[in-house]
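What's in model10.txt: compact mmCIF, C-alpha atoms
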# COMPACT_ATOMS: atom_id res chain seq x y z
CA MET C 18 -6.83 -26.95 28.13
CA GLU C 19 -5.26 -23.74 27.03
CA ASN C 20 -6.08 -20.97 29.41
CA LYS C 21 -4.21 -18.12 27.90
CA LEU C 22 -5.43 -15.67 25.33
CA ARG C 23 -3.35 -14.52 22.43
CA LEU C 24 -3.91 -10.78 22.15
CA GLU C 25 -2.90 -9.26 18.86
CA ILE C 26 -3.29 -5.59 18.08
CA VAL C 27 -2.70 -4.52 14.50
CA THR C 28 -2.93 -1.00 13.11
CA PRO C 29 -2.10 0.45 9.69
CA GLN C 30 1.27 1.34 11.21
CA GLY C 31 2.04 -2.28 11.94
CA VAL C 32 1.67 -4.80 14.75
CA VAL C 33 1.55 -2.90 18.01
CA PHE C 34 1.21 -5.80 20.35
CA SER C 35 1.21 -9.55 20.24
CA GLU C 36 1.43 -11.53 23.45
CA GLU C 37 -0.20 -14.19 25.56
CA VAL C 38 -2.40 -12.69 28.26
CA ASP C 39 -4.89 -13.89 30.88
CA GLU C 40 -7.75 -11.47 30.68
CA ILE C 41 -8.83 -8.55 28.52
CA VAL C 42 -11.33 -5.73 28.97
CA ALA C 43 -12.06 -3.81 25.78
CA PRO C 44 -14.22 -0.80 24.89
CA GLY C 45 -16.91 -2.20 22.59
CA SER C 46 -19.21 0.19 20.78
CA GLU C 47 -22.12 -1.21 22.80
CA GLY C 48 -20.26 -1.04 26.05
CA GLU C 49 -17.20 -2.49 27.63
CA PHE C 50 -16.76 -6.21 27.54
CA GLY C 51 -14.43 -8.64 29.20
CA VAL C 52 -12.80 -11.62 27.57
CA LEU C 53 -11.47 -14.70 29.29
CA PRO C 54 -9.99 -17.78 27.65
CA GLY C 55 -12.67 -19.97 26.12
CA HIS C 56 -14.89 -17.08 25.08
CA ALA C 57 -17.46 -17.77 22.36
CA PRO C 58 -16.60 -16.45 18.87
CA PHE C 59 -17.56 -12.83 18.84
CA LEU C 60 -17.12 -9.83 16.60
CA THR C 61 -17.67 -6.26 17.58
CA THR C 62 -16.75 -2.73 16.70
CA LEU C 63 -14.66 -0.79 19.13
CA LYS C 64 -14.98 2.79 20.11
CA ILE C 65 -12.30 5.15 21.34
CA GLY C 66 -11.32 3.99 24.78
CA MET C 67 -9.09 2.06 27.06
CA LEU C 68 -8.13 -1.53 26.57
CA ILE C 69 -7.01 -3.26 29.73
CA PHE C 70 -5.39 -6.64 29.97
CA LYS C 71 -3.98 -8.73 32.75
CA LYS C 72 -0.97 -10.90 32.43
CA GLY C 73 -0.07 -12.73 35.59
CA SER C 74 -0.17 -10.16 38.34
CA GLU C 75 0.50 -7.32 35.95
CA THR C 76 -2.24 -5.05 34.64
CA ARG C 77 -1.58 -2.91 31.60
CA TYR C 78 -3.47 -0.25 29.74
CA LEU C 79 -3.65 0.68 26.09
CA PHE C 80 -5.33 3.42 24.15
CA VAL C 81 -7.35 2.22 21.16
CA SER C 82 -9.45 4.17 18.69
CA TRP C 83 -12.21 3.06 16.35
CA GLY C 84 -11.81 -0.44 14.99
CA TYR C 85 -12.83 -4.07 15.13
CA ALA C 86 -12.25 -6.79 17.64
CA GLU C 87 -12.54 -10.40 16.73
CA VAL C 88 -12.64 -12.82 19.61
CA GLY C 89 -11.99 -16.49 19.13
CA HIS C 90 -11.62 -19.36 21.49
CA ASP C 91 -8.11 -18.65 22.62
CA ARG C 92 -7.29 -15.39 20.88
CA MET C 93 -8.41 -11.87 20.32
CA LEU C 94 -7.53 -9.84 17.29
CA VAL C 95 -7.90 -6.09 17.45
CA LEU C 96 -7.83 -4.15 14.20
CA THR C 97 -7.86 -0.47 14.88
CA ASP C 98 -6.87 2.83 13.33
CA SER C 99 -4.48 3.57 16.15
CA ALA C 100 -3.34 1.95 19.36
CA GLU C 101 -0.78 3.09 21.87
CA LYS C 102 0.60 1.56 25.01
CA CYS C 103 0.13 3.85 27.98
CA GLU C 104 3.85 4.46 28.31
CA ASP C 105 4.09 5.48 24.64
CA ILE C 106 1.45 8.15 24.74
CA ASP C 107 2.65 11.65 24.06
CA VAL C 108 0.79 13.49 26.81
CA GLU C 109 1.84 16.91 25.67
CA ARG C 110 0.55 16.31 22.20
CA ALA C 111 -2.71 14.99 23.58
CA LEU C 112 -3.06 18.04 25.82
CA SER C 113 -2.52 20.45 22.97
CA ALA C 114 -4.90 18.46 20.77
CA LYS C 115 -7.48 18.69 23.51
CA LYS C 116 -7.07 22.42 23.77
CA ARG C 117 -7.32 22.84 20.04
CA ALA C 118 -10.46 20.75 19.84
CA GLU C 119 -12.09 22.66 22.70
CA GLU C 120 -11.37 25.97 21.04
CA ARG C 121 -12.81 24.71 17.80
CA LEU C 122 -15.95 23.61 19.55
CA LYS C 123 -16.35 27.02 21.14
CA GLN C 124 -16.28 28.74 17.77
CA GLU C 125 -19.10 26.49 16.65
CA ALA C 126 -19.73 28.15 13.32
CA ASN C 127 -18.41 26.71 10.06
CA ILE C 128 -16.38 23.89 11.48
CA ASP C 129 -16.65 20.20 11.24
CA GLN C 130 -18.41 19.52 14.49
CA ALA C 131 -18.14 15.75 14.41
CA ARG C 132 -14.44 15.83 13.72
CA ALA C 133 -13.74 18.19 16.58
CA VAL C 134 -15.80 16.09 18.97
CA SER C 135 -14.05 12.87 18.07
CA SER C 136 -10.64 14.49 18.24
CA LEU C 137 -11.52 15.84 21.67
CA GLU C 138 -12.61 12.38 22.72
CA ARG C 139 -9.40 10.86 21.49
CA ALA C 140 -7.31 13.42 23.32
CA THR C 141 -9.15 13.05 26.61
CA THR C 142 -8.98 9.28 26.47
CA ARG C 143 -5.30 9.39 25.68
CA ILE C 144 -4.72 11.55 28.72
CA GLN C 145 -6.79 9.20 30.87
CA VAL C 146 -4.84 6.19 29.71
CA ALA C 147 -1.55 7.99 30.22
CA GLU C 148 -2.54 8.81 33.77
CA LYS C 149 -2.75 5.10 34.52
CA LYS C 150 0.95 4.90 34.07
CA THR C 151 1.71 7.56 36.66
CA ALA C 152 -0.83 6.09 39.07
CA LYS C 153 0.85 2.73 38.98
CA MET X 26 41.95 18.13 -34.63
CA PRO X 27 38.21 17.77 -35.02
CA VAL X 28 38.08 14.02 -34.43
CA LEU X 29 39.74 14.22 -31.05
CA LYS X 30 37.57 17.08 -29.95
CA ASP X 31 34.44 15.18 -30.95
CA ILE X 32 35.41 12.18 -28.91
CA ARG X 33 36.19 14.35 -25.93
CA ARG X 34 32.79 15.97 -26.19
CA LYS X 35 31.14 12.57 -26.33
CA ILE X 36 32.87 11.43 -23.15
CA LYS X 37 31.78 14.58 -21.40
CA ALA X 38 28.19 14.00 -22.46
CA ILE X 39 28.20 10.46 -21.13
CA GLN X 40 29.62 11.67 -17.85
CA ASN X 41 26.80 14.17 -17.55
CA THR X 42 24.20 11.50 -18.22
CA GLN X 43 25.79 9.34 -15.59
CA LYS X 44 25.49 12.14 -13.07
CA ILE X 45 21.77 12.24 -13.72
CA THR X 46 21.24 8.50 -13.51
CA LYS X 47 23.25 8.32 -10.31
CA ALA X 48 21.20 11.08 -8.75
CA MET X 49 17.96 9.42 -9.83
CA LYS X 50 19.10 6.17 -8.32
CA MET X 51 19.81 7.90 -5.04
CA VAL X 52 16.42 9.61 -5.01
CA ALA X 53 14.66 6.35 -5.81
CA ALA X 54 16.54 4.61 -3.00
CA ALA X 55 15.47 7.24 -0.49
CA LYS X 56 11.86 7.10 -1.63
CA LEU X 57 11.90 3.34 -1.61
CA ARG X 58 13.09 3.19 1.96
CA LYS X 59 10.28 5.46 3.05
CA VAL X 60 7.47 3.72 1.23
CA GLN X 61 8.81 0.25 1.94
CA THR X 62 8.51 0.46 5.70
CA ARG X 63 5.05 1.92 5.35
CA MET X 64 4.06 -0.83 2.99
CA LEU X 65 5.46 -3.66 5.08
CA ASN X 66 3.64 -2.39 8.16
CA PHE X 67 0.41 -1.91 6.32
CA ARG X 68 0.62 -5.33 4.72
CA GLN X 69 0.06 -7.02 8.07
CA TYR X 70 -2.98 -4.92 8.77
CA ALA X 71 -4.38 -5.50 5.30
CA ASP X 72 -3.83 -9.24 5.56
CA LYS X 73 -5.57 -9.43 8.91
CA ILE X 74 -8.55 -7.36 7.79
CA HIS X 75 -8.91 -9.50 4.72
CA GLU X 76 -8.64 -12.66 6.75
CA VAL X 77 -11.36 -11.55 9.14
CA THR X 78 -13.62 -10.36 6.34
CA VAL X 79 -13.28 -13.56 4.40
CA ARG X 80 -13.86 -15.67 7.46
CA LEU X 81 -17.00 -13.76 8.35
CA ALA X 82 -18.28 -13.62 4.81
CA ALA X 83 -17.89 -17.36 4.42
CA GLY X 84 -20.31 -17.96 7.24
CA ALA X 85 -22.77 -15.21 6.37
CA GLU X 86 -25.92 -15.07 4.34
CA ARG X 87 -25.22 -13.56 0.96
CA GLN X 88 -28.39 -11.50 0.97
CA LEU X 89 -27.13 -9.59 3.95
CA HIS X 90 -25.13 -7.09 2.00
CA PRO X 91 -24.96 -6.23 -1.71
CA LEU X 92 -21.19 -6.64 -1.71
CA LEU X 93 -21.55 -10.25 -0.66
CA MET X 94 -23.73 -11.21 -3.58
CA ALA X 95 -21.95 -12.90 -6.42
CA ARG X 96 -23.79 -12.50 -9.71
CA PRO X 97 -23.10 -14.49 -12.84
CA ARG X 98 -20.27 -12.60 -14.42
CA LYS X 99 -21.03 -10.75 -17.59
CA THR X 100 -19.23 -7.44 -17.26
CA VAL X 101 -15.80 -7.41 -15.73
CA GLU X 102 -14.04 -4.29 -14.61
CA VAL X 103 -10.29 -4.41 -14.94
CA ILE X 104 -8.20 -1.82 -13.17
CA VAL X 105 -4.59 -1.57 -14.27
CA MET X 106 -2.28 0.09 -11.80
CA SER X 107 0.86 1.50 -13.39
CA GLY X 108 3.29 4.24 -12.47
CA ASP X 109 3.11 7.89 -13.47
CA ARG X 110 6.64 8.14 -14.76
CA GLY X 111 8.98 6.12 -16.87
CA LEU X 112 12.68 5.40 -16.44
CA CYS X 113 12.00 2.41 -14.27
CA GLY X 114 12.93 -0.53 -16.43
CA SER X 115 10.19 -2.92 -17.37
CA PHE X 116 7.96 -1.92 -14.48
CA ASN X 117 5.29 -0.18 -16.54
CA SER X 118 5.51 -2.29 -19.67
CA ASN X 119 5.16 -5.50 -17.69
CA ILE X 120 2.04 -4.40 -15.94
CA ILE X 121 0.50 -2.93 -19.06
CA LYS X 122 1.23 -6.05 -21.05
CA ALA X 123 -0.29 -8.22 -18.35
CA GLY X 124 -3.33 -5.97 -18.25
CA ALA X 125 -3.80 -5.95 -22.01
CA ASN X 126 -3.48 -9.73 -22.18
CA TYR X 127 -5.96 -10.18 -19.39
CA ILE X 128 -8.45 -7.90 -21.10
CA ASN X 129 -8.03 -9.68 -24.42
CA ASP X 130 -8.59 -13.05 -22.82
CA LEU X 131 -11.79 -11.86 -21.23
CA ARG X 132 -13.02 -10.37 -24.50
CA LYS X 133 -12.25 -13.58 -26.34
CA ASN X 134 -14.33 -15.50 -23.85
CA GLY X 135 -17.27 -13.22 -24.51
CA PHE X 136 -17.24 -11.01 -21.45
CA GLU X 137 -17.90 -7.32 -21.47
CA VAL X 138 -14.86 -5.52 -20.17
CA SER X 139 -14.64 -2.04 -18.79
CA VAL X 140 -11.15 -0.74 -18.22
CA SER X 141 -9.92 1.75 -15.68
CA THR X 142 -6.40 2.82 -14.96
CA ILE X 143 -4.45 4.23 -12.09
CA GLY X 144 -1.26 5.95 -13.15
CA ARG X 145 -0.39 8.03 -16.20
CA ARG X 146 1.55 5.37 -18.10
CA GLY X 147 -1.32 2.93 -18.23
CA ARG X 148 -3.76 5.62 -19.25
CA ASP X 149 -1.54 6.76 -22.13
CA TYR X 150 -1.10 3.23 -23.39
CA PHE X 151 -4.79 2.45 -23.57
CA LYS X 152 -5.60 5.85 -25.02
CA ARG X 153 -3.12 5.34 -27.81
CA ARG X 154 -4.78 2.07 -28.65
CA ASN X 155 -8.23 3.63 -28.56
CA ILE X 156 -9.46 1.50 -25.73
CA GLN X 157 -12.23 3.27 -23.92
CA LEU X 158 -11.35 3.98 -20.31
CA ARG X 159 -14.16 4.14 -17.87
CA LYS X 160 -12.15 6.05 -15.39
CA SER X 161 -8.55 6.98 -14.85
CA TRP X 162 -6.71 8.34 -11.89
CA THR X 163 -3.33 9.98 -12.36
CA GLY X 164 -0.71 11.68 -10.26
CA VAL X 165 -1.21 9.15 -7.51
CA SER X 166 2.07 7.39 -7.01
CA GLY X 167 4.11 10.48 -6.14
CA ASN X 168 2.36 11.23 -2.89
CA LEU X 169 0.27 8.39 -1.64
CA LEU X 170 -2.83 9.40 0.16
CA TYR X 171 -5.38 7.24 1.84
CA ASN X 172 -7.98 9.46 0.23
CA THR X 173 -7.09 8.11 -3.18
CA ALA X 174 -7.85 4.60 -2.04
CA HIS X 175 -11.08 5.89 -0.57
CA GLU X 176 -12.05 7.51 -3.84
CA VAL X 177 -11.16 4.51 -5.97
CA SER X 178 -12.89 2.00 -3.76
CA GLY X 179 -15.96 4.24 -3.47
CA ASP X 180 -16.20 4.25 -7.21
CA ILE X 181 -15.74 0.50 -7.48
CA ILE X 182 -18.33 -0.24 -4.84
CA GLU X 183 -20.86 2.10 -6.39
CA ASN X 184 -20.48 0.39 -9.74
CA TYR X 185 -20.78 -3.02 -8.23
CA ILE X 186 -23.89 -2.19 -6.30
CA ASN X 187 -25.47 -0.54 -9.35
CA GLU X 188 -24.81 -3.80 -11.15
CA THR X 189 -22.92 -2.06 -13.95
CA VAL X 190 -20.12 -4.52 -13.30
CA ASP X 191 -20.25 -8.04 -11.91
CA GLU X 192 -16.63 -8.44 -11.04
CA VAL X 193 -13.75 -6.12 -10.27
CA THR X 194 -10.16 -7.16 -10.87
CA LEU X 195 -7.13 -5.16 -9.93
CA ILE X 196 -3.80 -5.72 -11.65
CA TYR X 197 -0.76 -4.30 -9.95
CA ASN X 198 2.91 -4.87 -9.33
CA GLU X 199 3.52 -6.64 -6.09
CA PHE X 200 6.69 -5.82 -4.24
CA LYS X 201 8.63 -9.05 -3.82
CA SER X 202 12.04 -7.67 -3.04
CA VAL X 203 14.16 -4.75 -4.11
CA ILE X 204 15.18 -6.58 -7.27
CA ALA X 205 11.95 -8.40 -8.03
CA GLN X 206 8.39 -7.36 -8.74
CA LYS X 207 5.58 -9.69 -9.50
CA VAL X 208 2.52 -8.89 -11.53
CA SER X 209 -0.38 -9.67 -9.31
CA VAL X 210 -4.01 -10.08 -10.33
CA VAL X 211 -6.47 -9.66 -7.50
CA LYS X 212 -10.18 -10.04 -7.57
CA LEU X 213 -11.52 -7.26 -5.37
CA LEU X 214 -15.20 -7.98 -5.75
CA PRO X 215 -17.05 -10.17 -5.13
CA LEU X 216 -15.14 -11.47 -2.15
CA ALA X 217 -13.04 -14.26 -3.57
CA PRO X 218 -13.67 -17.41 -1.53
CA ILE X 219 -17.43 -17.24 -1.71
CA GLU X 220 -17.45 -18.86 -5.08
CA ALA X 221 -13.99 -20.38 -5.10
CA GLY X 222 -14.87 -22.51 -2.10
CA GLU X 223 -11.49 -22.12 -0.48
CA GLU X 224 -10.75 -23.83 2.79
CA VAL X 225 -11.63 -21.36 5.49
CA ALA X 226 -12.30 -22.17 9.07
CA VAL X 227 -15.92 -21.18 9.46
CA SER X 228 -17.38 -20.76 12.86
CA PRO X 229 -21.09 -20.63 12.13
CA ASP X 230 -22.37 -19.06 15.29
CA ILE X 231 -20.36 -15.92 15.77
CA LEU X 232 -21.89 -13.32 18.00
CA TYR X 233 -22.09 -9.87 16.53
CA GLU X 234 -22.31 -6.61 18.31
CA PRO X 235 -23.93 -4.45 16.96
CA SER X 236 -25.80 -6.57 14.46
CA GLN X 237 -24.15 -8.56 11.73
CA LYS X 238 -25.67 -6.29 9.12
CA GLU X 239 -24.25 -3.15 10.67
CA ILE X 240 -20.83 -4.68 10.95
CA PHE X 241 -20.85 -5.79 7.35
CA GLU X 242 -21.98 -2.39 6.24
CA ARG X 243 -18.77 -0.90 7.53
CA LEU X 244 -16.37 -3.78 7.25
CA LEU X 245 -16.98 -4.77 3.63
CA PRO X 246 -16.37 -1.35 2.05
CA LYS X 247 -13.48 -0.79 4.41
CA ASN X 248 -11.91 -4.02 3.31
CA VAL X 249 -12.06 -2.99 -0.35
CA GLU X 250 -10.58 0.36 0.55
CA ILE X 251 -7.75 -1.23 2.46
CA GLN X 252 -6.96 -3.70 -0.28
CA VAL X 253 -6.80 -0.84 -2.79
CA TYR X 254 -4.53 1.15 -0.53
CA ARG X 255 -2.32 -1.83 -0.01
CA ALA X 256 -2.02 -2.28 -3.77
CA LEU X 257 -1.13 1.40 -4.10
CA LEU X 258 1.61 1.04 -1.53
CA GLU X 259 2.92 -2.17 -3.05
CA SER X 260 2.91 -0.70 -6.50
CA SER X 261 4.78 2.44 -5.55
CA ALA X 262 7.35 0.52 -3.54
CA ALA X 263 7.81 -1.76 -6.52
CA GLU X 264 8.10 1.24 -8.83
CA GLU X 265 10.83 2.88 -6.78
CA ALA X 266 12.67 -0.41 -6.50
CA ALA X 267 12.45 -0.94 -10.25
CA ARG X 268 13.65 2.60 -10.87
CA MET X 269 16.52 2.13 -8.50
CA SER X 270 17.82 -0.97 -10.24
CA ALA X 271 17.20 0.50 -13.69
CA MET X 272 19.23 3.56 -12.78
CA GLU X 273 21.92 1.40 -11.22
CA ASN X 274 22.19 -0.46 -14.54
CA ALA X 275 22.24 2.79 -16.47
CA SER X 276 25.11 4.12 -14.36
CA GLN X 277 26.95 0.87 -14.92
CA ASN X 278 26.45 1.14 -18.66
CA CYS X 279 27.73 4.70 -18.57
CA ASP X 280 30.91 3.48 -16.91
CA ASP X 281 31.40 0.87 -19.62
CA LEU X 282 30.74 3.38 -22.35
CA ILE X 283 33.16 5.88 -20.89
CA ALA X 284 35.89 3.25 -20.66
CA ARG X 285 35.34 2.18 -24.23
CA THR X 286 35.23 5.71 -25.60
CA THR X 287 38.35 6.67 -23.68
CA LEU X 288 40.15 3.79 -25.33
CA VAL X 289 39.09 5.01 -28.75
CA TYR X 290 40.19 8.50 -27.79
CA ASN X 291 43.65 7.35 -26.70
CA LYS X 292 44.13 5.30 -29.84
CA ALA X 293 43.22 8.25 -32.00
CA ARG X 294 45.59 10.44 -30.04
CA GLN X 295 48.44 7.98 -30.44
CA THR X 296 47.89 7.61 -34.15
CA LEU X 297 48.01 11.36 -34.43
CA ILE X 298 51.29 11.64 -32.56
CA THR X 299 52.83 8.85 -34.57
CA LYS X 300 51.74 10.56 -37.75
CA GLU X 301 53.25 13.87 -36.68
CA LEU X 302 56.51 12.19 -35.67
CA MET X 303 56.69 10.50 -39.02
CA ASP X 304 56.13 13.86 -40.71
CA ILE X 305 58.97 15.43 -38.72
CA VAL X 306 61.33 12.55 -39.36
CA GLY X 307 60.41 12.69 -43.04
CA CYS X 308 61.16 16.42 -43.16
CA VAL X 309 64.52 16.02 -41.43
CA GLU X 310 65.44 13.27 -43.85
CA ALA X 311 64.51 15.48 -46.78
CA LEU X 312 66.57 18.43 -45.49
CA LYS X 313 69.74 16.33 -45.18

Now that the file is in, can you turn its structure into structure tokens?
Amino acid sequence: MENKLRLEIVTPQGVVFSEEVDEIVAPGSEGEFGVLPGHAPFLTTLKIGMLIFKKGSETRYLFVSWGYAEVGHDRMLVLTDSAEKCEDIDVERALSAKKRAEERLKQEANIDQARAVSSLERATTRIQVAEKKTAK
Amino acid sequence: MPVLKDIRRKIKAIQNTQKITKAMKMVAAAKLRKVQTRMLNFRQYADKIHEVTVRLAAGAERQLHPLLMARPRKTVEVIVMSGDRGLCGSFNSNIIKAGANYINDLRKNGFEVSVSTIGRRGRDYFKRRNIQLRKSWTGVSGNLLYNTAHEVSGDIIENYINETVDEVTLIYNEFKSVIAQKVSVVKLLPLAPIEAGEEVAVSPDILYEPSQKEIFERLLPKNVEIQVYRALLESSAAEEAARMSAMENASQNCDDLIARTTLVYNKARQTLITKELMDIVGCVEALK
């Protein structure tokens, strides 16, 4: 019995990640969910958040934005607009994006509210994920 | 000596042309490199999305979403994707020929065909032949934007849902390698394997979160969009590759032409000298 999961993360910029892992926690649009080998077939949308997976004794964190996750028996395929490993996140860029989004939200008038909110969310999540690296 | 001067001028002109073709080749190479990496990366994503969509659609009820419903085909929309510019070998003519043949075949078999084009070359061709275009997009291949794919697919989907067309086919140049393009005919809608009955691993009881309907509502249009974008990327990579090899050939031909003309020039020059010498010798003889 196979008790590893094949995690594959694909974005429009290419394959970000493809490895065998033991356990995955992903940010589903209806709440976080965990996946272990032998999970029932499952399809969900993802929201901006943190994807965590365990491989042996190692725990790693990734930033993912809106996308789909397809879970099969022994694999999980994540199709998302963007995904970054925590060590690849450009914290400075995220910080400045956060600032920009906050300023936009303060102005309120004549801006695309939804866009600013989601860009703020992306930036904050990126920073959160990046912090995991330093905490380790 | 007018003849000599003419030949010299001709050589100069060829050299100038060669400068242009060489520069164009270089530009095409640079553009190709850029778009090629983008295309190769996106290909994986597009393949995966398509795979997932097809797998899900195979197990789903067709009534769930209008894009899943396959109607008997009466009207077929054909979209021909060409380049905006020429000077790229047989790139445009191949795709246009394939498109025209495809359309003729459909007409012969009694289908209604509506034609759309992406790219200036295709549009011009069909206009010249008085073929009514439903829609045409131009100026796309120079700077590829995801928005274009969004626009095109939005239009396609709208038409399909309105039942103005029952099938949408996209014809584009697929990038095989730097020296080879392949004309590729893709059925965008309805989703291919539903009627073709291809072998797909169907897992009937997939859990959906949120509901299956909601997922399909976003996934199906997105899939069309992504397939269009992928075709755009493939086509422009193929175009740059075709232009690069066409310009490489042109530069080569210039070299040949210069060598040949130089030979003619030298021969003419030698004949001239010989003639002058003979004149001088003749004069000297006469003066004796």

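If you measure from each of X:Lys122, X:Lys212, X:Arg80, X:Lys207 to chain C using only C-alpha atoms, the closest one turns out to be X:Arg80.
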
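Of note, atom CA of Ile128 of chain X and atom CA of Thr100 of chain X are spaced 11.5 Å apart.
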
**Local residues around (-3.8, -3.1, 30.5), at most 12 Å away, using all atoms listed in the file, as a ChimeraX atom specification** = /C:24,34,38-43,66-81,101-104,146-147,149-150,153

Write out as a CSV table (one decimal) with C-alpha atoms, in the coordinates of the input which residues come within 12 Å of Glu138 of chain C when counting all atoms listed in the file, dropping same-chain ones fewer than 3 positions away.
chain,number,residue,atom,x,y,z
C,64,LYS,CA,-15.0,2.8,20.1
C,65,ILE,CA,-12.3,5.2,21.3
C,66,GLY,CA,-11.3,4.0,24.8
C,67,MET,CA,-9.1,2.1,27.1
C,80,PHE,CA,-5.3,3.4,24.2
C,81,VAL,CA,-7.4,2.2,21.2
C,82,SER,CA,-9.4,4.2,18.7
C,83,TRP,CA,-12.2,3.1,16.4
C,111,ALA,CA,-2.7,15.0,23.6
C,112,LEU,CA,-3.1,18.0,25.8
C,114,ALA,CA,-4.9,18.5,20.8
C,115,LYS,CA,-7.5,18.7,23.5
C,116,LYS,CA,-7.1,22.4,23.8
C,118,ALA,CA,-10.5,20.8,19.8
C,119,GLU,CA,-12.1,22.7,22.7
C,131,ALA,CA,-18.1,15.8,14.4
C,132,ARG,CA,-14.4,15.8,13.7
C,133,ALA,CA,-13.7,18.2,16.6
C,134,VAL,CA,-15.8,16.1,19.0
C,135,SER,CA,-14.0,12.9,18.1
C,141,THR,CA,-9.2,13.0,26.6
C,142,THR,CA,-9.0,9.3,26.5
C,143,ARG,CA,-5.3,9.4,25.7
C,144,ILE,CA,-4.7,11.6,28.7
C,145,GLN,CA,-6.8,9.2,30.9

**Prompt:** Which one of X:Val177, X:Met64, X:Ile121, X:Ile231 sits closest to Val165 of chain X if you count only C-alpha atoms?
**Reply:** X:Val177

**Message:** What are the residues of chain C lining chain X at 6 Å or less? Count only C-alpha atoms, and put the answer as a PyMOL selection string.
**Reply:** chain C and resi 27-31+58-61

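Computed from the coordinates, the atom CA of Gln295 of chain X to atom CA of Gln40 of chain X distance equals 22.9 Å.
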
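From atom CA of Pro215 of chain X back to atom CA of Asp180 of chain X, the distance works out to 14.6 Å.
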
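Nearest residue to Val33 of chain C, choosing from C:Thr62, C:Ser113, C:Asn20, C:Thr97 and counting all atoms listed in the file: C:Thr97.
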
**Message:** Quick one: residues within 10 Å of Pro246 of chain X, all atoms listed in the file, excluding same-chain residues fewer than 5 positions away - as a PyMOL selection string?
**Reply:** chain X and resi 92+175+178-179+181-182+241+251-252

**Pick from X:Glu199, X:Glu250, X:Glu242, X:Asp304 nearest to Ala267 of chain X, counting all atoms listed in the file** = X:Glu199

**Prompt:** So which residues touch segment 42-45 of chain X within 9 Å, counting all atoms listed in the file, skipping near sequence neighbours fewer than 4 positions away, as a list in words?
**Reply:** Lys37, Ala38, Met49, Lys50, Ala275, Ser276, Gln277, Asn278, Cys279 and Asp280 of chain X

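Distance check against Ile283 of chain X using only C-alpha atoms: of X:Ser209, X:Glu259, X:Asn41, X:Val306, the minimum falls on X:Asn41.
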
Near Asp109 of chain X, counting all atoms listed in the file, which residues have an atom at most 8 Å away, once you skip same-chain residues fewer than 6 positions from it, shown as an mmCIF file with C-alpha atoms, in the frame of the given file?
data_model
loop_
_atom_site.group_PDB
_atom_site.id
_atom_site.type_symbol
_atom_site.label_atom_id
_atom_site.label_comp_id
_atom_site.auth_asym_id
_atom_site.auth_seq_id
_atom_site.Cartn_x
_atom_site.Cartn_y
_atom_site.Cartn_z
ATOM 1 C CA GLY X 144 -1.260 5.950 -13.150
ATOM 2 C CA ARG X 145 -0.390 8.030 -16.200
ATOM 3 C CA ARG X 146 1.550 5.370 -18.100
ATOM 4 C CA THR X 163 -3.330 9.980 -12.360
ATOM 5 C CA GLY X 164 -0.710 11.680 -10.260
ATOM 6 C CA VAL X 165 -1.210 9.150 -7.510
ATOM 7 C CA SER X 166 2.070 7.390 -7.010
ATOM 8 C CA GLY X 167 4.110 10.480 -6.140
#

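Restricting the calculation to only C-alpha atoms, the smallest distance between Asp149 of chain X and any of X:Glu183, X:Ser115, X:Leu213, X:Arg110 is found for X:Arg110.
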
N, CA and C atoms are what I want for segment 186-195 of chain X; can you complete it accordingly and write them as a CSV table (one decimal), in the frame of the given file?
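And here's result_30.csv as it stands now:
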chain,number,residue,atom,x,y,z
X,186,ILE,N,-22.5,-2.2,-6.9
X,186,ILE,CA,-23.9,-2.2,-6.3
X,186,ILE,C,-24.9,-1.8,-7.4
X,187,ASN,N,-24.6,-0.9,-8.3
X,187,ASN,CA,-25.5,-0.5,-9.4
X,187,ASN,C,-25.6,-1.6,-10.4
X,188,GLU,N,-24.8,-2.7,-10.2
X,188,GLU,CA,-24.8,-3.8,-11.2
X,188,GLU,C,-24.3,-3.4,-12.5
X,189,THR,N,-23.5,-2.3,-12.7
X,189,THR,CA,-22.9,-2.1,-14.0
X,189,THR,C,-21.8,-3.0,-14.2
X,190,VAL,N,-21.1,-3.5,-13.1
X,190,VAL,CA,-20.1,-4.5,-13.3
X,190,VAL,C,-20.4,-5.7,-12.3
X,191,ASP,N,-20.0,-6.9,-12.7
X,191,ASP,CA,-20.2,-8.0,-11.9
X,191,ASP,C,-19.0,-8.6,-11.2
X,192,GLU,N,-17.9,-8.0,-11.6
X,192,GLU,CA,-16.6,-8.4,-11.0
X,192,GLU,C,-15.6,-7.3,-11.2
X,193,VAL,N,-14.8,-7.1,-10.2
X,193,VAL,CA,-13.8,-6.1,-10.3
X,193,VAL,C,-12.4,-6.8,-10.0
X,194,THR,N,-11.5,-6.6,-11.0
X,194,THR,CA,-10.2,-7.2,-10.9
X,194,THR,C,-9.1,-6.0,-10.9
X,195,LEU,N,-8.2,-6.2,-10.0
X,195,LEU,CA,-7.1,-5.2,-9.9
X,195,LEU,C,-5.8,-5.8,-10.3
